[in-house]
>>> print(open('input-v8.cif').read())   # mmCIF, C-alpha atoms and all ligand atoms
data_protein
loop_
_atom_site.group_PDB
_atom_site.id
_atom_site.type_symbol
_atom_site.label_atom_id
_atom_site.label_comp_id
_atom_site.auth_asym_id
_atom_site.auth_seq_id
_atom_site.Cartn_x
_atom_site.Cartn_y
_atom_site.Cartn_z
ATOM 1 C CA MET B 1 0.000 0.000 0.000
ATOM 2 C CA GLU B 2 1.375 3.396 -0.997
ATOM 3 C CA ILE B 3 0.661 5.863 1.819
ATOM 4 C CA SER B 4 0.643 9.598 1.073
ATOM 5 C CA ILE B 5 -0.680 10.700 4.448
ATOM 6 C CA GLY B 6 -0.609 8.896 7.768
ATOM 7 C CA ILE B 7 -2.841 9.932 10.648
ATOM 8 C CA ILE B 8 -1.746 8.939 14.110
ATOM 9 C CA GLY B 9 -4.923 9.344 16.176
ATOM 10 C CA LEU B 10 -7.879 9.355 13.759
ATOM 11 C CA GLY B 11 -10.298 11.003 16.217
ATOM 12 C CA SER B 12 -12.650 13.951 15.780
ATOM 13 C CA MET B 13 -10.036 16.632 15.076
ATOM 14 C CA ALA B 14 -8.114 14.463 12.585
ATOM 15 C CA LYS B 15 -11.363 13.626 10.797
ATOM 16 C CA ALA B 16 -12.291 17.299 10.571
ATOM 17 C CA ILE B 17 -8.920 17.877 8.880
ATOM 18 C CA ILE B 18 -8.834 14.914 6.506
ATOM 19 C CA SER B 19 -12.504 14.801 5.357
ATOM 20 C CA PRO B 20 -12.462 18.003 3.239
ATOM 21 C CA LEU B 21 -9.062 17.084 1.788
ATOM 22 C CA LEU B 22 -10.527 13.768 0.590
ATOM 23 C CA LYS B 23 -13.673 15.478 -0.720
ATOM 24 C CA ARG B 24 -11.551 17.953 -2.687
ATOM 25 C CA GLY B 25 -9.450 15.116 -4.110
ATOM 26 C CA GLU B 26 -6.209 16.466 -2.570
ATOM 27 C CA TYR B 27 -5.462 12.948 -1.300
ATOM 28 C CA HIS B 28 -6.777 9.615 -2.595
ATOM 29 C CA PRO B 29 -8.588 7.623 0.112
ATOM 30 C CA GLN B 30 -6.690 4.426 -0.779
ATOM 31 C CA HIS B 31 -3.433 6.250 0.114
ATOM 32 C CA VAL B 32 -4.590 7.321 3.586
ATOM 33 C CA LEU B 33 -3.701 5.269 6.640
ATOM 34 C CA GLY B 34 -5.298 6.175 9.987
ATOM 35 C CA ILE B 35 -4.334 4.741 13.367
ATOM 36 C CA VAL B 36 -6.616 4.577 16.412
ATOM 37 C CA GLY B 37 -5.827 3.374 19.936
ATOM 38 C CA ARG B 38 -8.309 0.472 20.172
ATOM 39 C CA SER B 39 -9.684 -1.852 17.486
ATOM 40 C CA SER B 40 -13.192 -1.120 18.842
ATOM 41 C CA SER B 41 -12.772 2.482 17.604
ATOM 42 C CA ILE B 42 -12.092 1.509 13.970
ATOM 43 C CA SER B 43 -15.727 1.526 12.808
ATOM 44 C CA SER B 44 -16.490 4.938 14.362
ATOM 45 C CA ALA B 45 -13.239 6.326 12.916
ATOM 46 C CA LEU B 46 -14.407 5.208 9.462
ATOM 47 C CA ASN B 47 -17.829 6.857 9.817
ATOM 48 C CA ASP B 48 -18.288 9.529 7.145
ATOM 49 C CA LEU B 49 -14.966 8.650 5.486
ATOM 50 C CA PRO B 50 -14.631 6.865 2.129
ATOM 51 C CA LYS B 51 -14.451 3.085 2.620
ATOM 52 C CA GLU B 52 -11.058 2.916 0.858
ATOM 53 C CA VAL B 53 -9.385 4.698 3.796
ATOM 54 C CA LYS B 54 -7.426 2.126 5.782
ATOM 55 C CA VAL B 55 -7.814 2.329 9.559
ATOM 56 C CA VAL B 56 -6.050 0.001 11.998
ATOM 57 C CA SER B 57 -5.424 0.020 15.736
ATOM 58 C CA SER B 58 -2.017 0.818 17.206
ATOM 59 C CA GLU B 59 -1.759 -2.861 18.268
ATOM 60 C CA ASP B 60 -2.018 -4.057 14.652
ATOM 61 C CA SER B 61 1.453 -4.656 13.189
ATOM 62 C CA PHE B 62 0.329 -2.863 9.991
ATOM 63 C CA SER B 63 0.155 0.372 12.008
ATOM 64 C CA ARG B 64 3.966 0.636 11.690
ATOM 65 C CA GLU B 65 3.452 1.357 7.969
ATOM 66 C CA VAL B 66 2.315 4.837 8.997
ATOM 67 C CA TRP B 67 5.944 5.781 9.534
ATOM 68 C CA LYS B 68 6.594 5.327 5.786
ATOM 69 C CA ALA B 69 4.219 8.186 4.909
ATOM 70 C CA PRO B 70 5.955 11.374 3.732
ATOM 71 C CA LEU B 71 3.371 13.388 5.701
ATOM 72 C CA LYS B 72 1.902 12.563 9.097
ATOM 73 C CA ILE B 73 -0.765 14.241 11.194
ATOM 74 C CA LEU B 74 -0.385 13.550 14.895
ATOM 75 C CA ALA B 75 -3.753 13.960 16.643
ATOM 76 C CA VAL B 76 -3.762 11.790 19.769
ATOM 77 C CA LYS B 77 -4.518 13.393 23.146
ATOM 78 C CA PRO B 78 -1.472 15.178 24.619
ATOM 79 C CA GLN B 79 -1.404 12.619 27.463
ATOM 80 C CA GLN B 80 -1.075 9.820 24.833
ATOM 81 C CA LEU B 81 2.058 11.329 23.262
ATOM 82 C CA ASN B 82 4.344 9.019 25.236
ATOM 83 C CA GLN B 83 2.694 5.994 23.580
ATOM 84 C CA ILE B 84 3.784 7.110 20.103
ATOM 85 C CA LYS B 85 7.252 5.830 19.302
ATOM 86 C CA GLU B 86 9.028 6.838 16.140
ATOM 87 C CA PRO B 87 10.924 3.783 14.828
ATOM 88 C CA VAL B 88 14.670 4.180 14.329
ATOM 89 C CA SER B 89 14.130 3.156 10.672
ATOM 90 C CA SER B 90 12.335 6.455 9.986
ATOM 91 C CA PHE B 91 15.356 8.533 10.998
ATOM 92 C CA GLN B 92 16.879 10.502 8.176
ATOM 93 C CA SER B 93 19.242 8.593 5.957
ATOM 94 C CA ASN B 94 21.973 10.290 3.941
ATOM 95 C CA ASP B 95 20.201 9.646 0.633
ATOM 96 C CA GLN B 96 17.076 11.470 1.925
ATOM 97 C CA PRO B 97 17.370 15.189 1.160
ATOM 98 C CA LEU B 98 14.472 16.226 3.440
ATOM 99 C CA LYS B 99 13.011 14.855 6.640
ATOM 100 C CA PRO B 100 9.319 13.879 6.329
ATOM 101 C CA LEU B 101 6.764 16.289 7.791
ATOM 102 C CA LEU B 102 4.875 15.628 10.997
ATOM 103 C CA ILE B 103 2.076 18.050 11.881
ATOM 104 C CA SER B 104 1.043 17.918 15.510
ATOM 105 C CA VAL B 105 -2.290 19.335 16.678
ATOM 106 C CA LEU B 106 -1.620 18.378 20.306
ATOM 107 C CA ALA B 107 -2.599 21.165 22.697
ATOM 108 C CA GLY B 108 0.366 22.619 24.520
ATOM 109 C CA ILE B 109 3.040 20.258 23.158
ATOM 110 C CA THR B 110 5.978 22.413 22.110
ATOM 111 C CA LEU B 111 8.176 22.102 19.038
ATOM 112 C CA LYS B 112 11.049 21.285 21.415
ATOM 113 C CA SER B 113 9.128 18.297 22.839
ATOM 114 C CA LEU B 114 8.052 17.204 19.355
ATOM 115 C CA ASN B 115 11.622 17.394 18.022
ATOM 116 C CA LYS B 116 12.784 15.293 20.982
ATOM 117 C CA ALA B 117 10.056 12.683 20.403
ATOM 118 C CA PHE B 118 10.369 12.609 16.584
ATOM 119 C CA PRO B 119 13.976 13.431 15.633
ATOM 120 C CA GLY B 120 13.515 11.873 12.180
ATOM 121 C CA HIS B 121 10.859 14.437 11.252
ATOM 122 C CA THR B 122 10.396 18.119 10.568
ATOM 123 C CA CYS B 123 7.702 18.869 13.150
ATOM 124 C CA VAL B 124 5.094 21.616 12.789
ATOM 125 C CA ARG B 125 2.835 22.733 15.620
ATOM 126 C CA ALA B 126 -0.765 23.467 14.615
ATOM 127 C CA VAL B 127 -3.628 24.731 16.773
ATOM 128 C CA PRO B 128 -6.985 24.207 15.038
ATOM 129 C CA ASN B 129 -10.404 24.636 16.692
ATOM 130 C CA THR B 130 -13.712 22.751 16.556
ATOM 131 C CA PRO B 131 -15.562 25.144 14.203
ATOM 132 C CA SER B 132 -13.181 23.506 11.688
ATOM 133 C CA LEU B 133 -15.778 20.708 11.655
ATOM 134 C CA VAL B 134 -18.064 23.047 9.687
ATOM 135 C CA GLY B 135 -15.276 24.725 7.709
ATOM 136 C CA GLN B 136 -15.267 27.852 9.891
ATOM 137 C CA GLY B 137 -12.229 27.164 12.015
ATOM 138 C CA LEU B 138 -9.141 29.094 12.967
ATOM 139 C CA THR B 139 -5.714 27.466 12.903
ATOM 140 C CA GLY B 140 -2.539 28.828 14.449
ATOM 141 C CA LEU B 141 0.725 27.507 12.989
ATOM 142 C CA ALA B 142 4.263 27.671 14.374
ATOM 143 C CA TRP B 143 7.108 26.701 12.041
ATOM 144 C CA PRO B 144 10.353 24.965 12.954
ATOM 145 C CA ASP B 145 13.651 26.468 11.757
ATOM 146 C CA ASP B 146 14.398 23.623 9.326
ATOM 147 C CA ILE B 147 11.180 23.846 7.278
ATOM 148 C CA THR B 148 11.280 24.682 3.559
ATOM 149 C CA ILE B 149 8.970 27.043 1.651
ATOM 150 C CA ASP B 150 7.421 24.050 -0.166
ATOM 151 C CA GLN B 151 6.784 22.200 3.105
ATOM 152 C CA LYS B 152 5.049 25.293 4.527
ATOM 153 C CA GLU B 153 2.773 25.292 1.481
ATOM 154 C CA VAL B 154 1.914 21.609 2.053
ATOM 155 C CA VAL B 155 0.898 22.441 5.649
ATOM 156 C CA ARG B 156 -1.162 25.491 4.658
ATOM 157 C CA LYS B 157 -3.058 23.372 2.106
ATOM 158 C CA ILE B 158 -4.015 20.933 4.888
ATOM 159 C CA PHE B 159 -5.695 23.609 7.032
ATOM 160 C CA GLU B 160 -6.996 26.055 4.397
ATOM 161 C CA PRO B 161 -10.169 24.063 3.552
ATOM 162 C CA ILE B 162 -11.354 24.142 7.170
ATOM 163 C CA SER B 163 -9.978 27.319 8.663
ATOM 164 C CA GLU B 164 -8.355 30.723 8.456
ATOM 165 C CA ILE B 165 -4.644 30.371 9.095
ATOM 166 C CA TYR B 166 -2.553 32.509 11.459
ATOM 167 C CA GLU B 167 1.217 31.984 11.326
ATOM 168 C CA LEU B 168 2.602 32.953 14.726
ATOM 169 C CA GLU B 169 5.706 32.806 16.878
ATOM 170 C CA GLU B 170 5.465 29.646 18.908
ATOM 171 C CA GLN B 171 5.163 31.401 22.285
ATOM 172 C CA LYS B 172 1.915 33.028 21.117
ATOM 173 C CA LEU B 173 0.231 29.686 20.382
ATOM 174 C CA ASP B 174 -0.772 29.034 24.012
ATOM 175 C CA SER B 175 -2.755 32.286 24.140
ATOM 176 C CA PHE B 176 -4.142 31.595 20.668
ATOM 177 C CA LEU B 177 -5.336 28.184 21.904
ATOM 178 C CA ALA B 178 -6.822 29.653 25.109
ATOM 179 C CA LEU B 179 -9.000 31.963 23.037
ATOM 180 C CA THR B 180 -9.810 30.020 19.862
ATOM 181 C CA SER B 181 -9.587 26.302 20.762
ATOM 182 C CA SER B 182 -11.047 26.553 24.266
ATOM 183 C CA GLY B 183 -13.292 29.471 23.275
ATOM 184 C CA PRO B 184 -16.090 27.372 21.726
ATOM 185 C CA ALA B 185 -16.554 25.734 25.157
ATOM 186 C CA TYR B 186 -16.892 29.125 26.902
ATOM 187 C CA ILE B 187 -19.389 30.292 24.280
ATOM 188 C CA ALA B 188 -21.348 27.023 24.504
ATOM 189 C CA LEU B 189 -21.597 27.514 28.272
ATOM 190 C CA VAL B 190 -22.902 31.065 27.857
ATOM 191 C CA VAL B 191 -25.459 29.973 25.219
ATOM 192 C CA GLU B 192 -26.645 27.096 27.421
ATOM 193 C CA ALA B 193 -26.968 29.396 30.456
ATOM 194 C CA MET B 194 -28.908 32.009 28.448
ATOM 195 C CA ALA B 195 -31.320 29.301 27.285
ATOM 196 C CA ASP B 196 -31.715 28.148 30.924
ATOM 197 C CA GLY B 197 -32.539 31.739 31.847
ATOM 198 C CA ALA B 198 -35.236 31.881 29.183
ATOM 199 C CA VAL B 199 -36.723 28.622 30.507
ATOM 200 C CA ALA B 200 -36.677 30.097 34.026
ATOM 201 C CA ALA B 201 -38.423 33.176 32.631
ATOM 202 C CA GLY B 202 -41.156 30.979 31.117
ATOM 203 C CA LEU B 203 -40.237 29.994 27.523
ATOM 204 C CA PRO B 204 -40.346 26.318 26.469
ATOM 205 C CA ARG B 205 -36.988 24.507 26.349
ATOM 206 C CA TYR B 206 -36.857 23.800 22.577
ATOM 207 C CA LEU B 207 -37.622 27.428 21.799
ATOM 208 C CA SER B 208 -35.129 28.745 24.365
ATOM 209 C CA ASN B 209 -32.308 26.629 22.898
ATOM 210 C CA GLN B 210 -33.164 27.646 19.352
ATOM 211 C CA LEU B 211 -33.404 31.354 20.219
ATOM 212 C CA ALA B 212 -30.148 31.290 22.215
ATOM 213 C CA HIS B 213 -28.272 29.739 19.230
ATOM 214 C CA LYS B 214 -29.772 32.241 16.804
ATOM 215 C CA THR B 215 -28.981 35.174 19.090
ATOM 216 C CA LEU B 216 -25.352 34.015 19.112
ATOM 217 C CA SER B 217 -25.049 33.535 15.351
ATOM 218 C CA GLY B 218 -26.923 36.779 14.578
ATOM 219 C CA THR B 219 -24.711 38.762 16.967
ATOM 220 C CA ALA B 220 -21.549 37.231 15.482
ATOM 221 C CA SER B 221 -22.703 38.133 11.949
ATOM 222 C CA LEU B 222 -23.592 41.686 13.028
ATOM 223 C CA LEU B 223 -20.185 42.254 14.628
ATOM 224 C CA ARG B 224 -18.416 40.822 11.587
ATOM 225 C CA GLU B 225 -20.433 42.411 8.803
ATOM 226 C CA LYS B 226 -20.790 45.895 10.313
ATOM 227 C CA LYS B 227 -17.243 45.772 11.736
ATOM 228 C CA ILE B 228 -18.390 47.275 15.039
ATOM 229 C CA HIS B 229 -16.586 47.018 18.346
ATOM 230 C CA PRO B 230 -18.375 44.763 20.909
ATOM 231 C CA ALA B 231 -18.594 47.696 23.364
ATOM 232 C CA GLN B 232 -20.387 49.747 20.693
ATOM 233 C CA LEU B 233 -22.898 46.956 20.105
ATOM 234 C CA LYS B 234 -23.516 46.657 23.869
ATOM 235 C CA ASP B 235 -24.172 50.423 24.060
ATOM 236 C CA MET B 236 -26.524 50.234 21.060
ATOM 237 C CA VAL B 237 -28.654 47.603 22.818
ATOM 238 C CA ALA B 238 -28.677 49.112 26.323
ATOM 239 C CA SER B 239 -31.192 51.963 26.438
ATOM 240 C CA PRO B 240 -31.441 54.259 29.508
ATOM 241 C CA ALA B 241 -33.249 52.644 32.464
ATOM 242 C CA GLY B 242 -34.071 49.702 30.169
ATOM 243 C CA THR B 243 -34.089 45.913 30.463
ATOM 244 C CA THR B 244 -30.621 45.292 29.006
ATOM 245 C CA ILE B 245 -28.779 47.704 31.296
ATOM 246 C CA SER B 246 -30.499 46.074 34.308
ATOM 247 C CA ALA B 247 -29.215 42.699 33.126
ATOM 248 C CA LEU B 248 -25.728 44.068 32.337
ATOM 249 C CA ARG B 249 -25.544 45.585 35.817
ATOM 250 C CA HIS B 250 -26.136 42.120 37.260
ATOM 251 C CA LEU B 251 -23.533 40.525 34.941
ATOM 252 C CA GLU B 252 -20.932 43.089 36.086
ATOM 253 C CA LEU B 253 -21.780 42.399 39.756
ATOM 254 C CA ALA B 254 -21.528 38.637 39.119
ATOM 255 C CA GLY B 255 -18.112 39.150 37.502
ATOM 256 C CA LEU B 256 -18.864 37.647 34.074
ATOM 257 C CA ARG B 257 -16.235 39.743 32.273
ATOM 258 C CA SER B 258 -13.444 39.131 34.751
ATOM 259 C CA ALA B 259 -14.380 35.409 34.925
ATOM 260 C CA LEU B 260 -13.941 35.133 31.145
ATOM 261 C CA ILE B 261 -10.680 37.104 31.213
ATOM 262 C CA GLU B 262 -9.273 34.817 33.921
ATOM 263 C CA ALA B 263 -10.544 31.709 32.087
ATOM 264 C CA VAL B 264 -8.540 32.610 28.969
ATOM 265 C CA VAL B 265 -5.426 33.371 31.048
ATOM 266 C CA LEU B 266 -5.754 30.051 32.932
ATOM 267 C CA ALA B 267 -6.208 28.045 29.727
ATOM 268 C CA ALA B 268 -3.040 29.655 28.293
ATOM 269 C CA GLN B 269 -1.127 28.819 31.494
ATOM 270 C CA LYS B 270 -2.346 25.201 31.359
ATOM 271 C CA SER B 271 -1.293 24.929 27.715
ATOM 272 C CA ARG B 272 2.223 26.130 28.693
ATOM 273 C CA LEU B 273 2.375 23.437 31.405
ATOM 274 C CA LEU B 274 1.227 20.528 29.220
ATOM 275 C CA SER B 275 4.602 19.804 27.604
ATOM 276 C CA GLU B 276 6.229 19.562 31.068
ATOM 277 C CA GLU B 277 3.420 17.374 32.459
ATOM 278 C CA VAL B 278 3.572 14.975 29.508
ATOM 279 C CA SER B 279 7.352 14.606 29.617
ATOM 280 C CA THR B 280 7.432 13.786 33.360
HETATM 281 N N1 LIG N 301 -11.057 19.031 19.823
HETATM 282 C C1 LIG N 301 -10.556 20.267 19.772
HETATM 283 O O1 LIG N 301 -11.219 21.297 19.860
HETATM 284 C C2 LIG N 301 -9.096 20.443 19.568
HETATM 285 C C3 LIG N 301 -8.610 21.694 19.200
HETATM 286 C C4 LIG N 301 -7.251 21.844 19.000
HETATM 287 C C5 LIG N 301 -6.422 20.777 19.197
HETATM 288 N N2 LIG N 301 -6.939 19.575 19.587
HETATM 289 C C6 LIG N 301 -6.023 18.490 19.817
HETATM 290 O O2 LIG N 301 -6.372 17.423 18.959
HETATM 291 C C7 LIG N 301 -5.947 16.216 19.564
HETATM 292 C C8 LIG N 301 -7.043 15.200 19.373
HETATM 293 O O3 LIG N 301 -8.227 15.658 19.965
HETATM 294 P P1 LIG N 301 -9.616 14.974 19.595
HETATM 295 O O4 LIG N 301 -10.650 15.823 20.215
HETATM 296 O O5 LIG N 301 -9.671 14.675 18.126
HETATM 297 O O6 LIG N 301 -9.468 13.599 20.419
HETATM 298 P P2 LIG N 301 -10.079 12.160 20.094
HETATM 299 O O7 LIG N 301 -11.334 12.298 19.297
HETATM 300 O O8 LIG N 301 -10.124 11.410 21.395
HETATM 301 O O9 LIG N 301 -8.989 11.486 19.161
HETATM 302 C C9 LIG N 301 -7.812 10.888 19.641
HETATM 303 C C10 LIG N 301 -7.530 9.692 18.756
HETATM 304 O O10 LIG N 301 -6.266 9.141 19.116
HETATM 305 C C11 LIG N 301 -6.400 7.722 19.104
HETATM 306 N N3 LIG N 301 -5.324 7.090 19.865
HETATM 307 C C12 LIG N 301 -5.248 6.888 21.200
HETATM 308 N N4 LIG N 301 -4.096 6.248 21.515
HETATM 309 C C13 LIG N 301 -3.444 6.041 20.343
HETATM 310 C C14 LIG N 301 -2.214 5.404 19.986
HETATM 311 N N5 LIG N 301 -1.399 4.866 20.912
HETATM 312 N N6 LIG N 301 -1.848 5.364 18.694
HETATM 313 C C15 LIG N 301 -2.651 5.893 17.724
HETATM 314 N N7 LIG N 301 -3.848 6.488 18.002
HETATM 315 C C16 LIG N 301 -4.231 6.562 19.291
HETATM 316 C C17 LIG N 301 -7.763 7.514 19.696
HETATM 317 O O11 LIG N 301 -8.222 6.193 19.491
HETATM 318 P P3 LIG N 301 -9.148 5.516 20.649
HETATM 319 O O12 LIG N 301 -10.409 6.296 20.647
HETATM 320 O O13 LIG N 301 -9.293 4.116 20.187
HETATM 321 O O14 LIG N 301 -8.395 5.650 21.944
HETATM 322 C C18 LIG N 301 -8.560 8.573 18.913
HETATM 323 O O15 LIG N 301 -8.879 8.063 17.639
HETATM 324 C C19 LIG N 301 -5.641 16.533 21.031
HETATM 325 O O16 LIG N 301 -4.256 16.462 21.231
HETATM 326 C C20 LIG N 301 -6.114 17.933 21.227
HETATM 327 O O17 LIG N 301 -5.257 18.656 22.092
HETATM 328 C C21 LIG N 301 -8.243 19.374 19.747
#
>>> encode(input="input-v8.cif", output="structure tokens", more="lines below")
Ligand SMILES: NC(=O)c1ccc[n+]([C@@H]2O[C@H](COP(=O)([O-])OP(=O)(O)OC[C@H]3O[C@@H](n4cnc5c(N)ncnc54)[C@H](OP(=O)(O)O)[C@@H]3O)[C@@H](O)[C@H]2O)c1
Amino acid sequence: MEISIGIIGLGSMAKAIISPLLKRGEYHPQHVLGIVGRSSSISSALNDLPKEVKVVSSEDSFSREVWKAPLKILAVKPQQLNQIKEPVSSFQSNDQPLKPLLISVLAGITLKSLNKAFPGHTCVRAVPNTPSLVGQGLTGLAWPDDITIDQKEVVRKIFEPISEIYELEEQKLDSFLALTSSGPAYIALVVEAMADGAVAAGLPRYLSNQLAHKTLSGTASLLREKKIHPAQLKDMVASPAGTTISALRHLELAGLRSALIEAVVLAAQKSRLLSEEVST
């Protein structure tokens, strides 16, 4: 089997990345090899992917073939990094002009840790987010020193179909992750809580959920299309002695803004710690 792209950890993020590439014909499904941790995960990994994609568990001896791929996407959980062992045979030989590419999407795992774990590869650190699942993601990329212009283009082509790309210095990626990768969870929490509030105020559950989602998407479109600052939008909505300013007064007292600020700072700190935690 000729493998053009090997995916170590064919979970939800890896599928979000590979599916559009297969749909656009950038890679042929018969040349894609995906690895999962347990054989019981193979069928769910194959869901929504062309049947020609080969998926095996890490215990299957065929999984070692993944190391022959010129391009690998590493998408296991950061805590599973220690289970992934690069075979000595994939180290650079003298007749190989370039090391193969390995793109890691692991939260918090630094290029230094990746280079230590995969010395036979040119490692790239990528930070995508879950809106990538619907083609509206954001991806932060940090390049290693030894990457070529052509290799950068290969990496950009992987993330372009699902996201806007931001090429950043590596030390900025933790803050990028704290906002964009963790951000959908903060927003989901706010939307859920707003819907709960509407239920408490007397609306039926299905309607509350639907209205909360639509309020979010409408507000996002308004901010984007009219290019207005969030503070300006808040002031537009809050009329003197009105309902919104009463609610905003409560949100300030409850500390919503400072809670969100601290949440982003904490997520960035945790991302910085992950490489150390995984290597100990
Ligand atoms: N989800 C996000 O929003 C997001 C955003 C940015 C970055 N990331 C990063 O993306 C990575 C994957 O996240 P995810 O949400 O896609 O997780 P996931 O759905 O749990 O996927 C992880 C995959 O790795 C497989 N795996 C486990 N051990 C393995 C091994 N030894 N060899 C090969 N494969 C193995 C798992 O298989 P089993 O299920 O059989 O164990 C599963 O298919 C994480 O490092 C995360 O930090 C995620």
>>> closest_atom_pairs(input="input-v8.cif", of="chain B", to="ligand LIG 301 (chain N)", cutoff="9 Å", atoms="all atoms listed in the file", output="Markdown table")
| residue | atom | partner | partner_atom | distance |
| --- | --- | --- | --- | --- |
| B:Ile7 | CA | N:LIG301 | C15 | 8.1 |
| B:Ile8 | CA | N:LIG301 | C15 | 4.8 |
| B:Gly9 | CA | N:LIG301 | O10 | 3.2 |
| B:Leu10 | CA | N:LIG301 | O15 | 4.2 |
| B:Gly11 | CA | N:LIG301 | O9 | 3.3 |
| B:Ser12 | CA | N:LIG301 | O5 | 3.9 |
| B:Met13 | CA | N:LIG301 | O5 | 3.6 |
| B:Ala14 | CA | N:LIG301 | O5 | 5.8 |
| B:Lys15 | CA | N:LIG301 | O5 | 7.6 |
| B:Ala16 | CA | N:LIG301 | O5 | 8.4 |
| B:Gly34 | CA | N:LIG301 | N7 | 8.2 |
| B:Ile35 | CA | N:LIG301 | C15 | 4.8 |
| B:Val36 | CA | N:LIG301 | N7 | 3.7 |
| B:Gly37 | CA | N:LIG301 | O13 | 3.6 |
| B:Arg38 | CA | N:LIG301 | O13 | 3.8 |
| B:Ser39 | CA | N:LIG301 | O13 | 6.6 |
| B:Ser40 | CA | N:LIG301 | O13 | 6.7 |
| B:Ser41 | CA | N:LIG301 | O13 | 4.6 |
| B:Ile42 | CA | N:LIG301 | O13 | 7.3 |
| B:Ser44 | CA | N:LIG301 | O12 | 8.9 |
| B:Ala45 | CA | N:LIG301 | O15 | 6.7 |
| B:Val56 | CA | N:LIG301 | C15 | 8.9 |
| B:Ser57 | CA | N:LIG301 | C15 | 6.8 |
| B:Ser58 | CA | N:LIG301 | N6 | 4.8 |
| B:Glu59 | CA | N:LIG301 | N5 | 8.2 |
| B:Ser63 | CA | N:LIG301 | C15 | 8.4 |
| B:Leu74 | CA | N:LIG301 | C7 | 7.7 |
| B:Ala75 | CA | N:LIG301 | C7 | 4.3 |
| B:Val76 | CA | N:LIG301 | O10 | 3.7 |
| B:Lys77 | CA | N:LIG301 | O16 | 3.6 |
| B:Pro78 | CA | N:LIG301 | O16 | 4.6 |
| B:Gln79 | CA | N:LIG301 | O16 | 7.9 |
| B:Gln80 | CA | N:LIG301 | N4 | 5.7 |
| B:Leu81 | CA | N:LIG301 | N5 | 7.7 |
| B:Asn82 | CA | N:LIG301 | N5 | 8.3 |
| B:Gln83 | CA | N:LIG301 | N5 | 5.0 |
| B:Ile84 | CA | N:LIG301 | N5 | 5.7 |
| B:Lys85 | CA | N:LIG301 | N5 | 8.9 |
| B:Ser104 | CA | N:LIG301 | O16 | 7.9 |
| B:Val105 | CA | N:LIG301 | C6 | 5.0 |
| B:Leu106 | CA | N:LIG301 | O16 | 3.4 |
| B:Ala107 | CA | N:LIG301 | O17 | 3.7 |
| B:Gly108 | CA | N:LIG301 | O17 | 7.3 |
| B:Ile109 | CA | N:LIG301 | O16 | 8.4 |
| B:Ala126 | CA | N:LIG301 | C5 | 7.8 |
| B:Val127 | CA | N:LIG301 | C4 | 5.1 |
| B:Pro128 | CA | N:LIG301 | C4 | 4.6 |
| B:Asn129 | CA | N:LIG301 | C3 | 4.3 |
| B:Thr130 | CA | N:LIG301 | O1 | 4.4 |
| B:Pro131 | CA | N:LIG301 | O1 | 8.1 |
| B:Ser132 | CA | N:LIG301 | O1 | 8.7 |
| B:Thr139 | CA | N:LIG301 | C4 | 8.4 |
| B:Leu177 | CA | N:LIG301 | C4 | 7.2 |
| B:Thr180 | CA | N:LIG301 | C3 | 8.4 |
| B:Ser181 | CA | N:LIG301 | C3 | 5.0 |
| B:Ser182 | CA | N:LIG301 | O1 | 6.9 |
| B:Pro184 | CA | N:LIG301 | O1 | 8.0 |
| B:Ala185 | CA | N:LIG301 | O1 | 8.7 |
>>> atom_distance(input="input-v8.cif", atom1="CA of Pro29 in chain B", atom2="CA of Pro50 in chain B")
6.4 Å
>>> residues_around(input="input-v8.cif", residues="His213 in chain B", least_positions_apart="2", cutoff="12 Å", atoms="only C-alpha atoms", output="PyMOL selection string")
chain B and resi 187-195+206-211+215-220
>>> closest_residue(input="input-v8.cif", among="B:Leu21, B:Ala117, B:Ile3, B:Ile103", to="Lys54 in chain B", atoms="all atoms listed in the file")
B:Ile3
>>> closest_residue(input="input-v8.cif", among="B:Leu111, B:Ala212, B:Leu141, B:Val264", to="Gly183 in chain B", atoms="only C-alpha atoms")
B:Val264
>>> resolve_selection(input="input-v8.cif", expression="the PyMOL selection byres (((chain B and resi 160-175) around 7) and not hetatm)", output="list in words")
Ile17, Pro20, Gly108, Ser132, Gly135, Gln136, Gly137, Leu138, Thr139, Gly140, Leu141, Ala142, Arg156, Lys157, Ile158, Phe159, Phe176, Leu177, Ala178, Leu179, Ala268, Ser271 and Arg272 of chain B
>>> atom_distance(input="input-v8.cif", atom1="CA of Pro100 in chain B", atom2="CA of His121 in chain B")
5.2 Å
>>> atom_distance(input="input-v8.cif", atom1="CA of Val124 in chain B", atom2="CA of Val55 in chain B")
23.4 Å
>>> axis_aligned_box(input="input-v8.cif", around="range 215-228 of chain B", padding_each_side="8 Å", output="lines of an AutoDock Vina configuration file")
center_x = -23.1
center_y = 40.4
center_z = 14.0
size_x = 27.7
size_y = 29.7
size_z = 26.3
>>> closest_residue(input="input-v8.cif", among="B:Val154, B:Val66, B:Val53, B:Val88", to="His28 in chain B", atoms="all atoms listed in the file")
B:Val53
>>> closest_residue(input="input-v8.cif", among="B:Ala263, B:Met236, B:Ile18, B:Ala254", to="Leu133 in chain B", atoms="only C-alpha atoms")
B:Ile18
>>> residues_around(input="input-v8.cif", residues="Pro70 in chain B", least_positions_apart="4", cutoff="12 Å", atoms="all atoms listed in the file", output="VMD selection string")
chain B and resid 2 to 7 31 to 33 65 to 66 90 92 96 98 to 103 120 to 122 151 154
